[in-house]
Amino acid sequence: MELYSTQDGFLGEIAKGFTFAQLARVAAGFGARLEAEGVRRVVVAHDTRFLAKEMAEEAAGILGGMGLETFLLKGPSPLPLFGFALEELEAAGFYLTASRKPPRYQGVKLRLGPGKPLSPEGILLPPEAPQGRGSFQVLDRKKAYLEHLAQSAGGAQGKGGVVYLDTLGGAGGGVLPGVWKLLGLEAELRELHPLPHPLFYGVDPDPKPENLPTLLALMRAVEPPAVGLALDGDADRLAVVLPGGEPLSPEGVLEKLGQALEGREVQADGEGGYLFPWHLPERDPFLAALLLLRVLL
């Protein structure tokens, strides 16, 4: 079966196009490109999909075996945390995810450095999977990322109310509760489907209305002040639902973010992705959510 190219990596069906052997070829080709670029440090991370942890360990072993200083982020990691680690370590990145695709898919996003996506055309896959494996270090930067997120949010308060967050069993579970405590926010946060789930609780990890039955049912019944939020599988996109169950369009979200930021820059990368260049070189729905509290509660 086929391994498909994406804008910044590869994608395939697990155990068909995306196998351990194909993964090894991709990791080896990526490592060779890093060597050619003079990059000596790389961070590997993964989402919550089937065998994602084992695949990330395999990739880290291959990259370590090529002589690269290799770090594996602990546990399922949202894409903003991955981006934070790349910037902090000044490293390249190899992230196991199929983003919003159905659970039967897996893929990889490649970064030459912080905020530097690498097109698949930029690497040459070896004909065979490499045999050697090397060492890597397990890296835990979640606490540091939460502190950075809280600082970027600038004490975002909003008023009291209820915030529902559906993480769909993806990599974004547990992040907002952590920063909630750091900021001492008044609103009550109720997290839906927070635990990692390789089948995403029976839906595709794409925060479209058809994949958010629980969140929409709750939001139809609530009274303001309240807001509903949802993330995709690797937690780099945000959907917003208003009381009454009405989704807020990406254009509407961008408008509200502009009000909250009062002139500070935000970039929309389409379909619910929001990038804050002064914060991170990757999209960060968690910062977007915190900023939205100022104008939606």
# chains A, B, ... in the order shown; residues from 1 in each chain; ligands from 1

call {"tool": "select_by_dssp", "arguments": {"residues": "region 86-256 of chain A", "states": "strand (DSSP E)", "output": "compact mmCIF listing (two decimals) with C-alpha atoms, in the first residue's frame"}}
result
# COMPACT_ATOMS: atom_id res chain seq x y z
CA ALA A 92 14.76 19.74 14.26
CA GLY A 93 11.54 17.78 14.79
CA PHE A 94 9.86 14.47 13.90
CA TYR A 95 6.23 14.31 15.05
CA LEU A 96 4.07 11.19 14.69
CA TYR A 105 -4.26 6.60 9.61
CA GLN A 106 -0.88 7.65 10.96
CA GLY A 107 1.69 10.05 9.61
CA VAL A 108 4.66 12.22 10.41
CA LYS A 109 5.25 15.97 10.39
CA LEU A 110 8.84 17.03 9.71
CA ARG A 111 10.60 20.19 10.89
CA LEU A 112 14.11 21.29 9.90
CA GLY A 113 13.95 23.62 12.88
CA LYS A 116 10.46 25.24 9.48
CA PRO A 117 8.24 22.59 7.86
CA GLN A 137 16.81 10.87 25.99
CA VAL A 138 13.24 11.14 27.29
CA LEU A 139 12.29 14.79 27.60
CA VAL A 162 -18.48 27.59 32.26
CA VAL A 163 -15.98 26.46 29.63
CA TYR A 164 -16.50 23.05 28.03
CA LEU A 165 -13.45 21.63 26.27
CA ASP A 166 -13.68 18.51 24.08
CA GLU A 188 -15.24 26.56 35.62
CA LEU A 189 -13.46 24.29 33.12
CA ARG A 190 -15.16 21.01 32.24
CA GLU A 191 -12.99 18.80 30.04
CA LEU A 192 -14.70 16.22 27.81
CA ALA A 226 -20.48 29.85 28.65
CA VAL A 227 -18.35 28.75 25.73
CA GLY A 228 -17.58 25.41 24.10
CA LEU A 229 -14.16 24.55 22.69
CA ALA A 230 -12.86 21.55 20.75
CA LEU A 231 -9.44 20.45 19.49
CA LEU A 238 -9.55 25.05 17.64
CA ALA A 239 -13.32 25.06 17.13
CA VAL A 240 -15.60 27.33 19.16
CA VAL A 241 -19.29 26.74 19.99
CA LEU A 242 -21.53 29.44 21.47
CA GLU A 246 -24.09 27.61 17.26
CA PRO A 247 -20.49 27.15 16.00
CA LEU A 248 -18.46 30.34 15.67

call {"tool": "residues_around", "arguments": {"residues": "Pro80 (chain A)", "least_positions_apart": "4", "cutoff": "7 Å", "atoms": "only C-alpha atoms", "output": "number ranges by chain"}}
result
A: 84, 236, 282-284

call {"tool": "select_by_dssp", "arguments": {"residues": "region 57-130 of chain A", "states": "helix (DSSP H, G or I)", "output": "NGL selection string"}}
result
:A and (57-65 or 79-89 or 120-122)

call {"tool": "closest_residue", "arguments": {"among": "A:Pro102, A:Pro114, A:Gly233, A:Gly160", "to": "Pro196 (chain A)", "atoms": "only C-alpha atoms"}}
result
A:Gly233

call {"tool": "atom_distance", "arguments": {"atom1": "CA of Pro205 (chain A)", "atom2": "CA of Gly172 (chain A)"}}
result
11.2 Å

call {"tool": "atom_distance", "arguments": {"atom1": "CA of Leu176 (chain A)", "atom2": "CA of Pro243 (chain A)"}}
result
20.3 Å

call {"tool": "atom_distance", "arguments": {"atom1": "CA of Glu186 (chain A)", "atom2": "CA of Gly158 (chain A)"}}
result
7.6 Å

call {"tool": "residues_around", "arguments": {"residues": "His193 (chain A)", "least_positions_apart": "6", "cutoff": "9 Å", "atoms": "only C-alpha atoms", "output": "list in words"}}
result
Leu165, Asp166, Thr167, Leu168, Gly169, Gly170, Gly173, Phe200 and Tyr201 of chain A

call {"tool": "write_last_selection", "arguments": {"atoms": "N, CA, C and O atoms", "output": "tab-separated table (two decimals), in the first residue's frame"}}
result
chain	number	residue	atom	x	y	z
A	165	LEU	N	-14.52	21.90	27.21
A	165	LEU	CA	-13.45	21.63	26.27
A	165	LEU	C	-13.47	20.16	25.89
A	165	LEU	O	-13.30	19.28	26.73
A	166	ASP	N	-13.70	19.88	24.59
A	166	ASP	CA	-13.68	18.51	24.08
A	166	ASP	C	-12.35	18.27	23.37
A	166	ASP	O	-12.10	18.83	22.30
A	167	THR	N	-11.49	17.44	23.96
A	167	THR	CA	-10.20	17.14	23.35
A	167	THR	C	-10.26	15.88	22.48
A	167	THR	O	-9.25	15.49	21.90
A	168	LEU	N	-11.42	15.24	22.41
A	168	LEU	CA	-11.66	14.12	21.50
A	168	LEU	C	-10.70	12.95	21.70
A	168	LEU	O	-10.45	12.18	20.77
A	169	GLY	N	-10.13	12.82	22.88
A	169	GLY	CA	-9.19	11.74	23.12
A	169	GLY	C	-7.84	11.95	22.47
A	169	GLY	O	-7.02	11.04	22.40
A	170	GLY	N	-7.58	13.16	21.98
A	170	GLY	CA	-6.34	13.47	21.29
A	170	GLY	C	-5.24	13.94	22.22
A	170	GLY	O	-5.33	13.81	23.45
A	173	GLY	N	-5.34	16.70	25.70
A	173	GLY	CA	-5.92	16.51	27.02
A	173	GLY	C	-4.99	16.92	28.14
A	173	GLY	O	-3.80	16.64	28.10
A	200	PHE	N	-10.39	7.75	19.32
A	200	PHE	CA	-11.00	9.07	19.50
A	200	PHE	C	-12.48	8.98	19.86
A	200	PHE	O	-13.30	9.75	19.36
A	201	TYR	N	-12.78	8.03	20.74
A	201	TYR	CA	-14.14	7.86	21.25
A	201	TYR	C	-15.17	7.70	20.14
A	201	TYR	O	-16.32	8.13	20.25

call {"tool": "residues_around", "arguments": {"residues": "Phe18 (chain A)", "least_positions_apart": "4", "cutoff": "12 Å", "atoms": "only C-alpha atoms", "output": "PyMOL selection string"}}
result
chain A and resi 1-5+10-14+22-26+50-52+55+96-98+104-108

call {"tool": "residues_around", "arguments": {"residues": "region 141-155 of chain A", "least_positions_apart": "6", "cutoff": "12 Å", "atoms": "only C-alpha atoms", "output": "number ranges by chain"}}
result
A: 43, 45, 71-89, 172-186, 257, 260-261, 264, 276-280, 284-294

call {"tool": "residues_around", "arguments": {"residues": "region 63-65 of chain A", "least_positions_apart": "3", "cutoff": "12 Å", "atoms": "only C-alpha atoms", "output": "MDAnalysis selection string"}}
result
chainID A and resid 23:35 39:44 56:60 68:72 92:94 130:137

call {"tool": "closest_residue", "arguments": {"among": "A:Glu271, A:Glu265, A:Glu54, A:Asp234", "to": "Glu251 (chain A)", "atoms": "only C-alpha atoms"}}
result
A:Glu271

call {"tool": "closest_residue", "arguments": {"among": "A:Ala217, A:Ala171, A:Val203, A:Val222", "to": "Lys101 (chain A)", "atoms": "only C-alpha atoms"}}
result
A:Val203

call {"tool": "closest_residue", "arguments": {"among": "A:Gly244, A:Gly67, A:Gly252, A:Gly17", "to": "Gly38 (chain A)", "atoms": "only C-alpha atoms"}}
result
A:Gly67
